[in-house]
$ cat model-v6.txt   # compact mmCIF, C-alpha atoms and all ligand atoms
# COMPACT_ATOMS: atom_id res chain seq x y z
CA MET A 1 22.47 23.57 56.13
CA ASN A 2 21.15 22.24 59.41
CA SER A 3 18.57 19.51 59.69
CA SER A 4 15.63 21.82 60.48
CA ALA A 5 16.36 23.87 57.32
CA ARG A 6 16.43 20.62 55.30
CA ALA A 7 13.13 19.54 56.85
CA LEU A 8 11.60 22.92 55.97
CA ILE A 9 12.80 22.68 52.36
CA SER A 10 11.37 19.15 51.93
CA LEU A 11 8.08 20.31 53.48
CA ILE A 12 7.90 23.25 51.02
CA THR A 13 8.77 20.89 48.13
CA LEU A 14 6.01 18.52 49.20
CA TRP A 15 3.50 21.38 49.29
CA ILE A 16 4.57 22.57 45.84
CA ILE A 17 4.12 19.03 44.47
CA ARG A 18 0.71 18.78 46.15
CA ILE A 19 -0.45 22.14 44.77
CA LEU A 20 0.76 21.20 41.27
CA PHE A 21 -1.02 17.82 41.51
CA ILE A 22 -4.33 19.37 42.64
CA HIS A 23 -4.00 22.05 39.98
CA SER A 24 -3.47 19.46 37.25
CA LEU A 25 -6.56 17.52 38.48
CA ILE A 26 -8.64 20.70 38.31
CA VAL A 27 -7.34 21.44 34.80
CA LEU A 28 -8.06 17.86 33.72
CA ALA A 29 -11.57 17.92 35.18
CA GLY A 30 -12.19 21.28 33.54
CA CYS A 31 -10.96 20.02 30.20
CA SER A 32 -13.04 16.86 30.28
CA GLY A 33 -16.10 18.82 31.41
CA VAL A 34 -15.76 21.27 28.58
CA SER A 35 -15.02 18.63 25.97
CA ARG A 36 -17.97 16.45 27.11
CA GLU A 37 -20.39 19.37 26.91
CA ASP A 38 -18.87 20.34 23.57
CA SER A 39 -19.19 16.82 22.24
CA LEU A 40 -22.82 16.58 23.38
CA LEU A 41 -23.58 19.93 21.76
CA LYS A 42 -21.88 18.88 18.53
CA ASP A 43 -23.28 15.33 18.63
CA PRO A 44 -26.64 15.27 20.43
CA ALA A 45 -27.45 12.01 18.64
CA ARG A 46 -24.36 10.45 20.28
CA GLN A 47 -23.12 9.00 16.99
CA ALA A 48 -19.47 9.11 18.05
CA GLU A 49 -20.24 7.03 21.16
CA ARG A 50 -22.10 4.43 19.11
CA ASP A 51 -19.26 4.23 16.60
CA ARG A 52 -16.75 3.77 19.42
CA MET A 53 -18.84 0.97 20.92
CA VAL A 54 -19.14 -0.82 17.57
CA ASP A 55 -15.43 -0.42 16.72
CA GLU A 56 -13.99 -1.21 20.15
CA GLU A 57 -16.52 -3.57 21.74
CA ILE A 58 -18.64 -5.26 19.08
CA ILE A 59 -16.40 -5.88 16.04
CA PRO A 60 -13.65 -7.33 18.31
CA GLN A 61 -16.18 -9.95 19.47
CA GLY A 62 -16.38 -11.30 15.93
CA ILE A 63 -19.56 -9.68 14.61
CA LYS A 64 -19.05 -9.20 10.87
CA ASP A 65 -22.41 -8.73 9.12
CA PRO A 66 -22.27 -5.17 7.71
CA LYS A 67 -26.07 -4.75 7.95
CA ILE A 68 -26.03 -5.58 11.66
CA LEU A 69 -23.06 -3.33 12.38
CA ALA A 70 -24.80 -0.52 10.47
CA ALA A 71 -27.99 -1.09 12.48
CA VAL A 72 -26.14 -0.93 15.82
CA ARG A 73 -24.37 2.23 14.64
CA HIS A 74 -27.74 3.74 13.79
CA VAL A 75 -30.22 2.75 16.55
CA PRO A 76 -30.03 5.30 19.42
CA ARG A 77 -29.82 2.87 22.38
CA HIS A 78 -29.85 5.78 24.83
CA LYS A 79 -33.52 6.37 23.91
CA PHE A 80 -34.40 2.83 25.01
CA VAL A 81 -32.90 2.94 28.52
CA PRO A 82 -34.20 4.90 31.55
CA SER A 83 -32.62 8.37 31.69
CA ASP A 84 -30.64 7.43 34.84
CA TYR A 85 -28.68 4.96 32.72
CA SER A 86 -28.37 7.11 29.62
CA ASP A 87 -24.64 7.73 30.21
CA LEU A 88 -24.03 3.97 30.16
CA ALA A 89 -26.03 3.30 26.99
CA TYR A 90 -22.95 2.97 24.77
CA TYR A 91 -21.02 0.45 26.78
CA ASP A 92 -21.47 -3.21 25.97
CA ILE A 93 -23.42 -4.05 29.12
CA PRO A 94 -27.01 -5.06 29.95
CA LEU A 95 -29.03 -2.36 31.74
CA PRO A 96 -32.24 -2.41 33.85
CA ILE A 97 -35.39 -1.22 32.05
CA GLY A 98 -37.83 -1.49 34.96
CA HIS A 99 -40.30 -4.21 36.03
CA GLY A 100 -37.32 -6.45 36.87
CA GLN A 101 -36.35 -6.71 33.19
CA THR A 102 -33.14 -5.84 31.34
CA ILE A 103 -32.03 -4.75 27.90
CA SER A 104 -29.31 -7.15 26.66
CA GLN A 105 -25.78 -6.02 25.97
CA PRO A 106 -25.47 -4.84 22.35
CA SER A 107 -22.92 -7.54 21.41
CA LEU A 108 -25.44 -10.24 22.39
CA VAL A 109 -28.19 -8.50 20.39
CA ALA A 110 -25.77 -8.45 17.43
CA LEU A 111 -24.68 -12.09 17.95
CA MET A 112 -28.28 -13.38 18.10
CA THR A 113 -29.31 -11.29 15.10
CA GLU A 114 -26.31 -12.54 13.11
CA ALA A 115 -27.13 -16.18 13.97
CA LEU A 116 -30.56 -15.71 12.35
CA ALA A 117 -28.84 -15.20 8.95
CA LEU A 118 -31.48 -12.66 7.91
CA GLU A 119 -30.38 -12.27 4.26
CA GLY A 120 -33.63 -12.50 2.29
CA ALA A 121 -35.82 -12.77 5.43
CA LYS A 122 -39.05 -10.79 5.24
CA ARG A 123 -40.93 -11.43 8.47
CA VAL A 124 -39.32 -11.82 11.88
CA LEU A 125 -41.02 -12.53 15.20
CA GLU A 126 -39.51 -11.40 18.49
CA ILE A 127 -40.71 -12.67 21.88
CA GLY A 128 -39.95 -10.20 24.70
CA THR A 129 -40.16 -6.65 23.32
CA GLY A 130 -38.77 -5.17 26.57
CA SER A 131 -37.43 -1.72 25.70
CA GLY A 132 -37.94 -2.23 21.95
CA TYR A 133 -34.19 -1.99 21.19
CA GLN A 134 -33.87 -5.44 19.61
CA SER A 135 -37.04 -4.77 17.57
CA ALA A 136 -35.47 -1.58 16.22
CA VAL A 137 -32.25 -3.38 15.27
CA LEU A 138 -34.33 -6.01 13.42
CA ALA A 139 -36.49 -3.35 11.76
CA GLU A 140 -33.34 -1.80 10.26
CA ILE A 141 -32.59 -5.10 8.53
CA VAL A 142 -35.88 -6.79 7.52
CA PRO A 143 -39.14 -5.44 6.06
CA GLU A 144 -41.49 -6.55 8.87
CA VAL A 145 -41.00 -7.20 12.56
CA PHE A 146 -43.64 -8.67 14.88
CA THR A 147 -42.98 -8.39 18.60
CA ILE A 148 -44.82 -9.61 21.71
CA GLU A 149 -44.38 -8.41 25.29
CA ILE A 150 -46.18 -9.78 28.33
CA VAL A 151 -45.69 -6.78 30.67
CA GLU A 152 -48.19 -4.19 29.45
CA PRO A 153 -46.41 -1.00 30.68
CA LEU A 154 -43.16 -2.11 28.99
CA ALA A 155 -45.05 -2.80 25.75
CA THR A 156 -46.66 0.65 25.88
CA LYS A 157 -43.37 2.41 26.54
CA ALA A 158 -41.56 0.49 23.79
CA ALA A 159 -44.34 1.26 21.30
CA HIS A 160 -44.03 4.95 22.18
CA THR A 161 -40.22 4.98 21.77
CA LEU A 162 -40.39 3.13 18.45
CA ALA A 163 -43.12 5.42 17.09
CA GLU A 164 -41.18 8.50 18.17
CA LEU A 165 -38.13 7.21 16.28
CA GLY A 166 -40.28 6.69 13.19
CA TYR A 167 -40.28 2.87 12.91
CA ARG A 168 -43.35 1.97 10.87
CA ASN A 169 -42.49 -1.68 10.17
CA ILE A 170 -42.82 -3.00 13.72
CA HIS A 171 -46.10 -4.62 14.75
CA ALA A 172 -46.36 -4.97 18.51
CA ARG A 173 -48.83 -6.65 20.82
CA VAL A 174 -49.23 -7.54 24.48
CA GLY A 175 -49.48 -11.21 25.37
CA ASP A 176 -47.77 -14.48 26.16
CA GLY A 177 -45.17 -15.01 23.47
CA TYR A 178 -44.92 -18.72 24.29
CA ARG A 179 -47.86 -19.18 21.96
CA GLY A 180 -46.25 -17.12 19.19
CA TRP A 181 -48.42 -15.13 16.79
CA PRO A 182 -50.26 -17.82 14.77
CA GLU A 183 -52.33 -15.34 12.74
CA GLU A 184 -49.13 -13.89 11.24
CA ALA A 185 -47.15 -17.15 10.86
CA PRO A 186 -45.04 -18.47 9.21
CA PHE A 187 -41.97 -16.42 10.11
CA ASP A 188 -38.58 -16.52 8.40
CA ALA A 189 -36.93 -16.08 11.79
CA ILE A 190 -37.95 -16.04 15.45
CA ILE A 191 -35.89 -14.58 18.29
CA VAL A 192 -36.76 -15.12 21.95
CA THR A 193 -35.18 -12.71 24.42
CA ALA A 194 -36.50 -14.26 27.64
CA ALA A 195 -35.63 -17.82 28.69
CA PRO A 196 -38.17 -20.67 28.67
CA ASP A 197 -37.10 -23.96 30.30
CA HIS A 198 -37.90 -25.85 27.10
CA VAL A 199 -38.34 -24.93 23.44
CA PRO A 200 -41.96 -23.76 22.91
CA GLN A 201 -43.57 -26.06 20.33
CA PRO A 202 -45.81 -23.26 18.93
CA LEU A 203 -42.66 -21.31 17.96
CA LEU A 204 -41.21 -24.30 16.09
CA ASP A 205 -44.59 -24.74 14.37
CA GLN A 206 -44.65 -21.10 13.27
CA LEU A 207 -41.23 -21.22 11.63
CA ALA A 208 -41.14 -21.26 7.81
CA VAL A 209 -39.19 -24.08 6.13
CA GLY A 210 -35.63 -22.76 5.89
CA GLY A 211 -36.29 -20.50 8.88
CA ARG A 212 -34.32 -20.15 12.11
CA LEU A 213 -35.32 -19.84 15.74
CA ILE A 214 -32.84 -18.55 18.33
CA LEU A 215 -33.56 -18.72 22.03
CA PRO A 216 -31.98 -19.20 25.46
CA VAL A 217 -33.17 -22.45 27.09
CA GLY A 218 -32.81 -23.25 30.78
CA ARG A 219 -33.39 -21.86 34.26
CA ASP A 220 -30.61 -19.85 36.00
CA TYR A 221 -28.08 -20.01 33.17
CA GLN A 222 -29.14 -21.03 29.73
CA THR A 223 -27.76 -22.45 26.52
CA LEU A 224 -28.34 -20.22 23.53
CA GLU A 225 -29.83 -22.55 20.94
CA LEU A 226 -30.36 -22.17 17.22
CA HIS A 227 -33.05 -24.34 15.61
CA TYR A 228 -33.26 -24.66 11.81
CA ARG A 229 -36.36 -25.89 10.08
CA THR A 230 -35.52 -28.03 7.06
CA ALA A 231 -37.90 -29.81 4.69
CA LYS A 232 -37.27 -32.96 6.76
CA GLY A 233 -37.67 -31.54 10.26
CA PHE A 234 -35.52 -29.59 12.74
CA GLU A 235 -31.82 -29.32 13.46
CA ARG A 236 -30.32 -27.81 16.57
CA LYS A 237 -27.01 -26.08 17.30
CA ILE A 238 -25.83 -24.83 20.70
CA ILE A 239 -24.07 -21.48 20.41
CA THR A 240 -22.95 -20.41 23.89
CA LEU A 241 -23.98 -20.01 27.54
CA VAL A 242 -26.05 -16.94 28.39
CA ARG A 243 -28.11 -15.40 31.18
CA PHE A 244 -31.58 -14.03 30.38
CA VAL A 245 -34.64 -13.21 32.47
CA PRO A 246 -37.14 -16.10 32.52
CA LEU A 247 -39.98 -16.38 30.05
CA VAL A 248 -43.09 -16.14 32.20
CA ARG A 249 -46.35 -17.75 31.23
CA GLU A 250 -49.62 -15.80 31.11
CA ARG A 251 -51.36 -17.82 33.82
CA GLN A 252 -48.59 -16.82 36.29
CA GLN A 253 -49.42 -13.18 35.65
CA GLU A 254 -53.08 -13.51 36.48
N1 LIG B 301 -35.51 -7.64 23.70
C1 LIG B 301 -35.59 -6.70 24.80
C2 LIG B 301 -35.09 -7.22 26.11
C3 LIG B 301 -35.91 -8.29 26.61
S1 LIG B 301 -35.93 -8.58 28.32
C4 LIG B 301 -34.91 -5.40 24.48
O1 LIG B 301 -34.29 -5.26 23.43
O2 LIG B 301 -35.03 -4.49 25.31
C5 LIG B 301 -37.11 -9.88 28.22
C6 LIG B 301 -38.51 -9.42 28.03
O3 LIG B 301 -39.33 -10.55 27.84
C7 LIG B 301 -39.06 -8.69 29.24
O4 LIG B 301 -39.54 -7.45 28.87
C8 LIG B 301 -40.18 -9.61 29.73
O5 LIG B 301 -41.27 -8.93 30.29
C9 LIG B 301 -40.57 -10.32 28.44
N2 LIG B 301 -41.27 -11.58 28.61
C10 LIG B 301 -41.11 -12.52 29.58
N3 LIG B 301 -41.95 -13.55 29.37
C11 LIG B 301 -42.65 -13.26 28.24
C12 LIG B 301 -43.68 -13.93 27.51
N4 LIG B 301 -44.17 -15.13 27.88
N5 LIG B 301 -44.15 -13.35 26.40
C13 LIG B 301 -43.70 -12.14 25.99
N6 LIG B 301 -42.74 -11.45 26.64
C14 LIG B 301 -42.21 -12.01 27.74
$ encode --input "model-v6.txt" --output "structure tokens"
Amino acid sequence: MNSSARALISLITLWIIRILFIHSLIVLAGCSGVSREDSLLKDPARQAERDRMVDEEIIPQGIKDPKILAAVRHVPRHKFVPSDYSDLAYYDIPLPIGHGQTISQPSLVALMTEALALEGAKRVLEIGTGSGYQSAVLAEIVPEVFTIEIVEPLATKAAHTLAELGYRNIHARVGDGYRGWPEEAPFDAIIVTAAPDHVPQPLLDQLAVGGRLILPVGRDYQTLELHYRTAKGFERKIITLVRFVPLVRERQQE
């Protein structure tokens, strides 16, 4: 066989390989398209995606409380994020919710909720309603949740989402959460999901004896702090480093 025949054969072989490769890509794309549509049709509530996220991304990070894992398996996070991000709702990442704010990654929601040790807790206050996702997770675990949001359109949207999902045990209001909700105090637990640069005294004051406050404290990066109220006073534990949006004060909004 002369060299031009050999060149022709290798050219034909290359083409065959190329056609087979493109064909297999088309088949793969077709398969995944069909199976995704199928899975959405079979599972419009996206339960399988939530279960995958819990099993592969949340449990491996050390979250153990069965009530919290059950809540994350149940709350439809895709309803709390803008539709553009719906496909990303069941990955353990923070997502934008508009007005420069973000919904935390689910493992951080779970970690903060677990640190509150909610066994026996009846009333929990959240500062920073945002999308309402954290409120929903809390409402799956405790009888009454109180939540405050400073950005009115976010508060309205969250209230709508939570009502649509049937949560009746979440009381929401618009305002500066720095001051807490004195009319409803004391609380068994308080969770702050925006970062102040110091611990707000009104929140410590509104904590029941035996209660816990969790919050990020600092400017660009923050320490996630847990404050316990004992009969004698307060104790503090630093949990980890985190990054939250800043807690803004009401006067800055005016
Ligand atoms: N927990 C939310 C995410 C919170 S993002 C969720 O699950 O989606 C932080 C939120 O805190 C933002 O919506 C922001 O507007 C709000 N926020 C900032 N400062 C606040 C303040 N002083 N009082 C109440 N809410 C505040």
$ residues_near_point --input "model-v6.txt" --point "(-36.2, -13.2, 5.9)" --cutoff "10 Å" --atoms "all atoms listed in the file" --output "NGL selection string"
:A and (116-124 or 141-144 or 187-189 or 208 or 210-212)
$ residues_around --input "model-v6.txt" --residues "A:Thr161" --least-positions-apart "2" --cutoff "9 Å" --atoms "all atoms listed in the file" --output "PyMOL selection string"
chain A and resi 79-80+131-132+156-159+163-166
$ atom_distance --input "model-v6.txt" --atom1 "atom CA of A:His74" --atom2 "atom CA of A:Gln47"
7.7 Å
$ residues_around --input "model-v6.txt" --residues "A:Arg173" --least-positions-apart "3" --cutoff "7 Å" --atoms "all atoms listed in the file" --output "JSON, numbers by chain"
{"A": [147, 148, 149]}
$ residues_around --input "model-v6.txt" --residues "stretch 240-254 of chain A" --least-positions-apart "3" --cutoff "10 Å" --atoms "all atoms listed in the file" --output "PyMOL selection string"
chain A and resi 100-104+108+127-128+150-151+175-179+192-197+215-225+237
$ closest_residue --input "model-v6.txt" --among "A:Leu138, A:Leu226, A:Val209, A:Ile170" --to "ligand LIG 301 (chain B)" --atoms "only C-alpha atoms and all ligand atoms"
A:Leu138
$ atom_distance --input "model-v6.txt" --atom1 "atom CA of A:Ile214" --atom2 "atom CA of A:Ile191"
5.0 Å
$ axis_aligned_box --input "model-v6.txt" --around "ligand LIG 301 (chain B)" --padding-each-side "3 Å" --output "JSON"
{"center_x": -39.2, "center_y": -9.8, "center_z": 26.9, "size_x": 15.9, "size_y": 16.6, "size_z": 12.9}
$ atom_distance --input "model-v6.txt" --atom1 "atom C4 of ligand LIG 301 (chain B)" --atom2 "atom CA of A:Asp87"
17.6 Å
$ residues_around --input "model-v6.txt" --residues "A:Ala89" --least-positions-apart "2" --cutoff "9 Å" --atoms "all atoms listed in the file" --output "PyMOL selection string"
chain A and resi 50+76-81+85-87+91-95
$ write_last_selection --input "model-v6.txt" --atoms "C-alpha atoms" --output "PDB file, in the frame of the given file"
ATOM      1  CA  ARG A  50     -22.100   4.430  19.110  1.00  0.00           C
ATOM      2  CA  PRO A  76     -30.030   5.300  19.420  1.00  0.00           C
ATOM      3  CA  ARG A  77     -29.820   2.870  22.380  1.00  0.00           C
ATOM      4  CA  HIS A  78     -29.850   5.780  24.830  1.00  0.00           C
ATOM      5  CA  LYS A  79     -33.520   6.370  23.910  1.00  0.00           C
ATOM      6  CA  PHE A  80     -34.400   2.830  25.010  1.00  0.00           C
ATOM      7  CA  VAL A  81     -32.900   2.940  28.520  1.00  0.00           C
ATOM      8  CA  TYR A  85     -28.680   4.960  32.720  1.00  0.00           C
ATOM      9  CA  SER A  86     -28.370   7.110  29.620  1.00  0.00           C
ATOM     10  CA  ASP A  87     -24.640   7.730  30.210  1.00  0.00           C
ATOM     11  CA  TYR A  91     -21.020   0.450  26.780  1.00  0.00           C
ATOM     12  CA  ASP A  92     -21.470  -3.210  25.970  1.00  0.00           C
ATOM     13  CA  ILE A  93     -23.420  -4.050  29.120  1.00  0.00           C
ATOM     14  CA  PRO A  94     -27.010  -5.060  29.950  1.00  0.00           C
ATOM     15  CA  LEU A  95     -29.030  -2.360  31.740  1.00  0.00           C
TER      16      LEU A  95
END
$ closest_residue --input "model-v6.txt" --among "A:Glu114, A:Glu126, A:Glu184, A:Asp205" --to "ligand LIG 301 (chain B)" --atoms "all atoms listed in the file"
A:Glu126
$ closest_residue --input "model-v6.txt" --among "A:Ala110, A:Ile97, A:Leu204, A:Ala185" --to "A:Ala155" --atoms "only C-alpha atoms"
A:Ile97
$ build_atoms --input "model-v6.txt" --residues "stretch 138-149 of chain A" --atoms "all heavy atoms" --output "mmCIF file, in the frame of the given file"
data_model
loop_
_atom_site.group_PDB
_atom_site.id
_atom_site.type_symbol
_atom_site.label_atom_id
_atom_site.label_comp_id
_atom_site.auth_asym_id
_atom_site.auth_seq_id
_atom_site.Cartn_x
_atom_site.Cartn_y
_atom_site.Cartn_z
ATOM 1 N N LEU A 138 -33.762 -5.128 14.447
ATOM 2 C CA LEU A 138 -34.330 -6.010 13.420
ATOM 3 C C LEU A 138 -35.006 -5.200 12.317
ATOM 4 O O LEU A 138 -34.871 -5.502 11.126
ATOM 5 C CB LEU A 138 -35.351 -6.967 14.049
ATOM 6 C CG LEU A 138 -34.783 -8.051 14.969
ATOM 7 C CD1 LEU A 138 -35.897 -8.717 15.781
ATOM 8 C CD2 LEU A 138 -34.004 -9.101 14.163
ATOM 9 N N ALA A 139 -35.725 -4.154 12.725
ATOM 10 C CA ALA A 139 -36.490 -3.350 11.760
ATOM 11 C C ALA A 139 -35.578 -2.584 10.799
ATOM 12 O O ALA A 139 -36.026 -2.146 9.738
ATOM 13 C CB ALA A 139 -37.405 -2.379 12.501
ATOM 14 N N GLU A 140 -34.301 -2.431 11.167
ATOM 15 C CA GLU A 140 -33.340 -1.800 10.260
ATOM 16 C C GLU A 140 -32.915 -2.768 9.157
ATOM 17 O O GLU A 140 -32.336 -2.371 8.159
ATOM 18 C CB GLU A 140 -32.071 -1.397 11.038
ATOM 19 C CG GLU A 140 -32.292 -0.357 12.112
ATOM 20 C CD GLU A 140 -32.201 1.066 11.588
ATOM 21 O OE1 GLU A 140 -31.503 1.300 10.591
ATOM 22 O OE2 GLU A 140 -32.855 1.938 12.175
ATOM 23 N N ILE A 141 -33.160 -4.073 9.406
ATOM 24 C CA ILE A 141 -32.590 -5.100 8.530
ATOM 25 C C ILE A 141 -33.647 -5.814 7.672
ATOM 26 O O ILE A 141 -33.390 -6.176 6.542
ATOM 27 C CB ILE A 141 -31.818 -6.139 9.389
ATOM 28 C CG1 ILE A 141 -30.699 -5.423 10.160
ATOM 29 C CG2 ILE A 141 -31.239 -7.274 8.552
ATOM 30 C CD1 ILE A 141 -30.043 -6.260 11.233
ATOM 31 N N VAL A 142 -34.851 -6.034 8.249
ATOM 32 C CA VAL A 142 -35.880 -6.790 7.520
ATOM 33 C C VAL A 142 -37.137 -5.921 7.325
ATOM 34 O O VAL A 142 -37.353 -4.965 8.070
ATOM 35 C CB VAL A 142 -36.263 -8.105 8.267
ATOM 36 C CG1 VAL A 142 -35.061 -9.033 8.376
ATOM 37 C CG2 VAL A 142 -36.861 -7.824 9.635
ATOM 38 N N PRO A 143 -37.980 -6.279 6.335
ATOM 39 C CA PRO A 143 -39.140 -5.440 6.060
ATOM 40 C C PRO A 143 -40.187 -5.406 7.181
ATOM 41 O O PRO A 143 -40.800 -4.370 7.410
ATOM 42 C CB PRO A 143 -39.749 -6.048 4.796
ATOM 43 C CG PRO A 143 -38.674 -6.872 4.178
ATOM 44 C CD PRO A 143 -37.772 -7.313 5.286
ATOM 45 N N GLU A 144 -40.418 -6.559 7.856
ATOM 46 C CA GLU A 144 -41.490 -6.550 8.870
ATOM 47 C C GLU A 144 -41.095 -7.282 10.139
ATOM 48 O O GLU A 144 -40.616 -8.424 10.088
ATOM 49 C CB GLU A 144 -42.743 -7.211 8.297
ATOM 50 C CG GLU A 144 -43.556 -6.254 7.440
ATOM 51 C CD GLU A 144 -44.926 -6.823 7.176
ATOM 52 O OE1 GLU A 144 -44.995 -7.783 6.404
ATOM 53 O OE2 GLU A 144 -45.906 -6.308 7.750
ATOM 54 N N VAL A 145 -41.314 -6.605 11.258
ATOM 55 C CA VAL A 145 -41.000 -7.200 12.560
ATOM 56 C C VAL A 145 -42.289 -7.295 13.374
ATOM 57 O O VAL A 145 -43.081 -6.344 13.424
ATOM 58 C CB VAL A 145 -39.984 -6.311 13.322
ATOM 59 C CG1 VAL A 145 -39.707 -6.879 14.715
ATOM 60 C CG2 VAL A 145 -38.684 -6.181 12.527
ATOM 61 N N PHE A 146 -42.500 -8.458 13.991
ATOM 62 C CA PHE A 146 -43.640 -8.670 14.880
ATOM 63 C C PHE A 146 -43.053 -8.911 16.264
ATOM 64 O O PHE A 146 -42.107 -9.691 16.399
ATOM 65 C CB PHE A 146 -44.460 -9.885 14.416
ATOM 66 C CG PHE A 146 -45.044 -9.679 13.042
ATOM 67 C CD1 PHE A 146 -44.277 -9.902 11.910
ATOM 68 C CD2 PHE A 146 -46.347 -9.214 12.894
ATOM 69 C CE1 PHE A 146 -44.797 -9.679 10.638
ATOM 70 C CE2 PHE A 146 -46.881 -8.985 11.627
ATOM 71 C CZ PHE A 146 -46.101 -9.216 10.500
ATOM 72 N N THR A 147 -43.582 -8.239 17.280
ATOM 73 C CA THR A 147 -42.980 -8.390 18.600
ATOM 74 C C THR A 147 -44.060 -8.486 19.675
ATOM 75 O O THR A 147 -45.089 -7.788 19.599
ATOM 76 C CB THR A 147 -41.953 -7.261 18.876
ATOM 77 O OG1 THR A 147 -41.325 -7.500 20.138
ATOM 78 C CG2 THR A 147 -42.569 -5.868 18.870
ATOM 79 N N ILE A 148 -43.829 -9.364 20.645
ATOM 80 C CA ILE A 148 -44.820 -9.610 21.710
ATOM 81 C C ILE A 148 -44.182 -9.393 23.075
ATOM 82 O O ILE A 148 -43.075 -9.889 23.324
ATOM 83 C CB ILE A 148 -45.355 -11.064 21.642
ATOM 84 C CG1 ILE A 148 -45.848 -11.398 20.224
ATOM 85 C CG2 ILE A 148 -46.473 -11.286 22.662
ATOM 86 C CD1 ILE A 148 -46.308 -12.846 20.050
ATOM 87 N N GLU A 149 -44.874 -8.657 23.929
ATOM 88 C CA GLU A 149 -44.380 -8.410 25.290
ATOM 89 C C GLU A 149 -45.508 -8.733 26.275
ATOM 90 O O GLU A 149 -46.654 -8.362 26.060
ATOM 91 C CB GLU A 149 -43.958 -6.934 25.418
ATOM 92 C CG GLU A 149 -43.653 -6.451 26.821
ATOM 93 C CD GLU A 149 -42.565 -7.255 27.534
ATOM 94 O OE1 GLU A 149 -41.467 -7.409 26.984
ATOM 95 O OE2 GLU A 149 -42.829 -7.733 28.655
#
